[in-house]
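A.B. asks: This is the structure I want to talk about, given as structure tokens.
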Protein chains: 2
Amino acid sequence: MQIKDIGGEFGLIKKIKDKIKLFSDDVVVGIGDDAAVLNYDKNNYILFTTDMIVENDHFSQKYWTPEQIGKLAIEQNASDIAAMGGIPRFAIISLALPSDIDVEFVDKLYGGINEKAIKHKINIVGGNITHSEKIIVNVSLLGFVEKKFLALRSSAKAGDSIFCSGDVGSSTAGLELLRHNLKGNSVKSHLEPRCRLELARKLVKVGINSMIDVSDGVASEVKHICEESNVGAVIYSGKLPISKDTIIDSKKLKKDAVDFALYGGEDFELVFTADKSKLNKMKKLDVTMIGEIVDKKYGIKLIRDNKKQNIESGFDHFRRLRV
Amino acid sequence: MQIKDIGGEFGLIKKIKDKIKLFSDDVVVGIGDDAAVLNYDKNNYILFTTDMIVENDHFSQKYWTPEQIGKLAIEQNASDIAAMGGIPRFAIISLALPSDIDVEFVDKLYGGINEKAIKHKINIVGGNITHSEKIIVNVSLLGFVEKKFLALRSSAKAGDSIFCSGDVGSSTAGLELLRHNLKGNSVKSHLEPRCRLELARKLVKVGINSMIDVSDGVASEVKHICEESNVGAVIYSGKLPISKDTIIDSKKLKKDAVDFALYGGEDFELVFTADKSKLNKMKKLDVTMIGEIVDKKYGIKLIRDNKKQNIESGFDHFRRLRV
């Protein structure tokens with residue numbers, strides 16, 4: 001039996017989650033959110049997350065500069081801390097490198113890591129370096145969040161509005177352009193995504209009910225929120241925030257940008273839900289209302305071209321490769 | 001310029017350390033010890049460490065069972081926490097797997113991870129799974145240590161005795177047997193190393209001055225302690241704890257077991273220094289006195305066959321591959 005036979009990446013995570021054993025009352029949230037949540041002190045939690053990027057799976061030297069590889073490794077992890085409403089503080093980095101790699105390349109890669117670490121005031125406190133045929137960068141990040149500001153996937157409520165930050169689909173449009181040897185402004189979104197740490201902090205201060213970052217497409221993220229919160233959802237595809245550049249680049253590819261937004265990934269924007277009473281405050285921020293949370297019995301539906309559809313699955317790391 | 005031209009793994013770590021910027025007074029020890037040390041509360045520090053193993057670099061499916069791969073990933077990290085005198089508490093795991101891998105294999109690998117997590121009471125609180133051609137397991141571990149028990153590489157004092165726990169060299173003897181298609185009891189030491197968490201806690205309670213775990217050979221570990229503590233050392237090769245099995249297996253390989261102990265690695269034993277007044281208490285534990293710390297001006301010397309030698313470098317992940 002292969003991983004695809006048990007539902008891919010997410011089926012495997014469920015299988016693993018069912019088997020592990022916890023020994024501590026300090027685990028507030030374990031496997032199943034963007035970061036683990038651990039007790040810290042009276043007012044704060046520790047957040048703990050990790051993410052790995054592997055050459056030719058998540059990036060390729062053909063398209064990425066070494067600086068961009070380093071930046072991606074940090075942004076991807078910081079985005080998980082953002083999705084919890086928190087502030088990243090300490091990082092440790094595992095680097096695996098081919099033996100014939102140029103020191104200048106490693107310098108530049110670490111230059112990218114440092115640039116983003118400085119931007120987000122993340123302290124790089126350790127790590128290790130080892131050998132492998134392909135370049136691998138694994139970042140683990142410790143952050144903190146005030147208990148009152150913690151944002152989980154599991155606390156969406158029927159009646160909540162669903163929001164999406166910035167614009168989505170551009171990273172996937174950029175990836176597809178690269179694959180087809182085409183040019184367009186979306187390419188930069190794919191090669192240099194940036195996480196929404198500052199916006200996330202504003203959102204938790206306004207007051208939201210649930211949040212997740214967009215790593216696997218909006219549809220997949222809404223699905224995660226619904227599964228963890230035991231609710232249903234309606235997404236209006238016409239409301240998805242998609243930039244003009246993404247639409248232009250999608251046309252070059254003869255694709256619908258809405259599919260990139262729903263089923264692409266790596267945008268590192270935020271999908272979150274909040275009570276309708278927050279709508280006015282949200283209007284002042286870089287977010288768009290894209291749907292609403294409903295009772296579980298209605299399932300997760302997409303209104304597209306005036307028709308009600310079931311949503312498909314999002315990006316699965318075992319369904320297709322990125323580069 | 002390649003990594004070997006700047007002194008390999010350790011040259012590269014130094015280069016990286018020189019460039020990073022710290023933003024927090026809570027970083028007690030950053031890059032350069034077995035784990036990072038962060039302020040936690042009045043009496044305790046947080047320990048934070050990570051380690052990666054990559055298929056065909058650190059293990060091979062030819063020799064390792066999936067359970068052994070999982071166990072290695074945990075033991076290697078727990079050993080870093082042991083070397084700081086601490087207790088591991090929370091782990092997050094990055095797994096990269098080929099798409100055609102059998103689910104049963106992943107189950108067994110996670111079985112090995114779980115077995116060791118349960119043994120050490122480590123809570124697995126998160127992680128991620130992605131695709132790669134080779135199996136990669138990256139574990140990040142959070143632990144805690146009482147401030148009074150923190151053991152660093154940097155606090156050895158001239159006059160200290162140098163000790164080594166258990167026996168050393170057997171993991172490298174086992175690896176060499178595998179490489180030469182030979183059999184022997186050392187093979188198990190290579191495939192199933194275990195860290196010395198319990199012993200480490202006893203040692204910090206007796207009172208030691210500095211500690212490190214044996215990942216790159218005793219010579220390399222003593223060198224790290226000396227560099228970080230600004231001292232010199234004398235190691236008596238005749239006193240190195242080497243098991244009968246290791247000696248028997250080394251003879252099969254026509255090698256000197258002392259070289260495996262000094263320049264091998266992956267034993268996950270502890271090398272530490274303590275004031276001579278602790279000698280009697282140490283005699284009750286599974287440790288052996290192997291040398292002494294001297295003034296820096298005397299350098300780091302090895303007494304072998306009644307001759308004084310300079311020590312060579314230890315295992316460098318860019319100097320040779322393991323499997």
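By order of appearance in the structure tokens: chains A, B, ..., then residues from 1 within every chain, and ligands from 1 in the order shown.
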Taking the backbone alone, and naming residues the way the document does, which bits of segment 32-122 of chain A are alpha helix (DSSP H) by DSSP, as a PyMOL selection string?

C.D. replies: chain A and resi 66-83+103-120

A.B. asks: Pick out the chain A residues within 8 Å of chain B. Count only C-alpha atoms. Give them as a VMD selection string.

C.D. replies: chain A and resid 1 to 4 9 13 16 20 to 24 27 29 to 32 35 to 36 48 to 52 54 57 92 to 94 99 to 104 107 110 114 118 121 to 132 138 140 317 to 318 321

A.B. asks: Hey, which of A:Lys202, A:Lys148, A:Lys244, A:Lys183 ends up closest to Gly169 of chain A? Count only C-alpha atoms.

C.D. replies: A:Lys244

A.B. asks: From a DSSP calculation on the backbone, collect every residue of segment 22-255 of chain A in strand (DSSP E or B) and output the set as an MDAnalysis selection string.

C.D. replies: chainID A and resid 27:29 31 33 36:39 44:55 59 87:97 102 123:131 136:146 161:165 210:213 232:236

A.B. asks: Can you pull out the residues contacting Val271 of chain A? Cut-off 9 Å, using only C-alpha atoms, and skip same-chain residues under 4 positions away; I want them as a list in words.

C.D. replies: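 Residues near the query, excluding close chain neighbours: Ala83, Ile162, Phe163, Cys164, Ser165, Ser210, Met211, Ile212, Asp213, Val214, Val218, Glu221 and Val222 of chain A.
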
A.B. asks: What separation in Å, quoted to one decimal, exists between atom CA of Val204 of chain A and atom CA of Thr288 of chain A?

C.D. replies: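 One can read the atom CA of Val204 of chain A to atom CA of Thr288 of chain A distance as 15.9 Å.
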
A.B. asks: Near segment 277-284 of chain A, counting only C-alpha atoms, which residues have an atom at most 10 Å away, once you skip same-chain residues fewer than 5 positions from it, shown as a list in words?

C.D. replies: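 These residues fall inside the cut-off: Asp160, Ser161, Phe163, Lys202, Leu203, Val206, Gly207, Ile208 and Met289 of chain A.
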
A.B. asks: Distance atom CA of Arg179 of chain A-atom CA of Gly217 of chain A, one decimal place?

C.D. replies: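 Going from atom CA of Arg179 of chain A over to atom CA of Gly217 of chain A covers 18.7 Å.
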
A.B. asks: Quick one: everything within 10 Å of Leu182 of chain A, counting only C-alpha atoms, minus sequence neighbours fewer than 4 positions away in the same chain. Send it as number ranges by chain.

C.D. replies: A: 174-178, 187, 249, 252-253

A.B. asks: Which of these, B:Glu266, B:Glu198, B:Glu67, B:Glu192, has the shortest distance to Leu285 of chain B once you count only C-alpha atoms?

C.D. replies: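 Of B:Glu266, B:Glu198, B:Glu67, B:Glu192, the one nearest Leu285 of chain B, counting only C-alpha atoms, is B:Glu198.
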
A.B. asks: In Å, with one decimal, what is the gap from atom CA of Asp80 of chain A to atom CA of Ile303 of chain A?

C.D. replies: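 Value for the atom CA of Asp80 of chain A-atom CA of Ile303 of chain A distance: 28.4 Å.
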
A.B. asks: So, with only C-alpha atoms as the atoms that count, which of B:Lys119, B:Cys226, B:Val168, B:Val234 lies closest to Leu262 of chain B?

C.D. replies: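 With only C-alpha atoms as the atom set, the closest residue is B:Val168.
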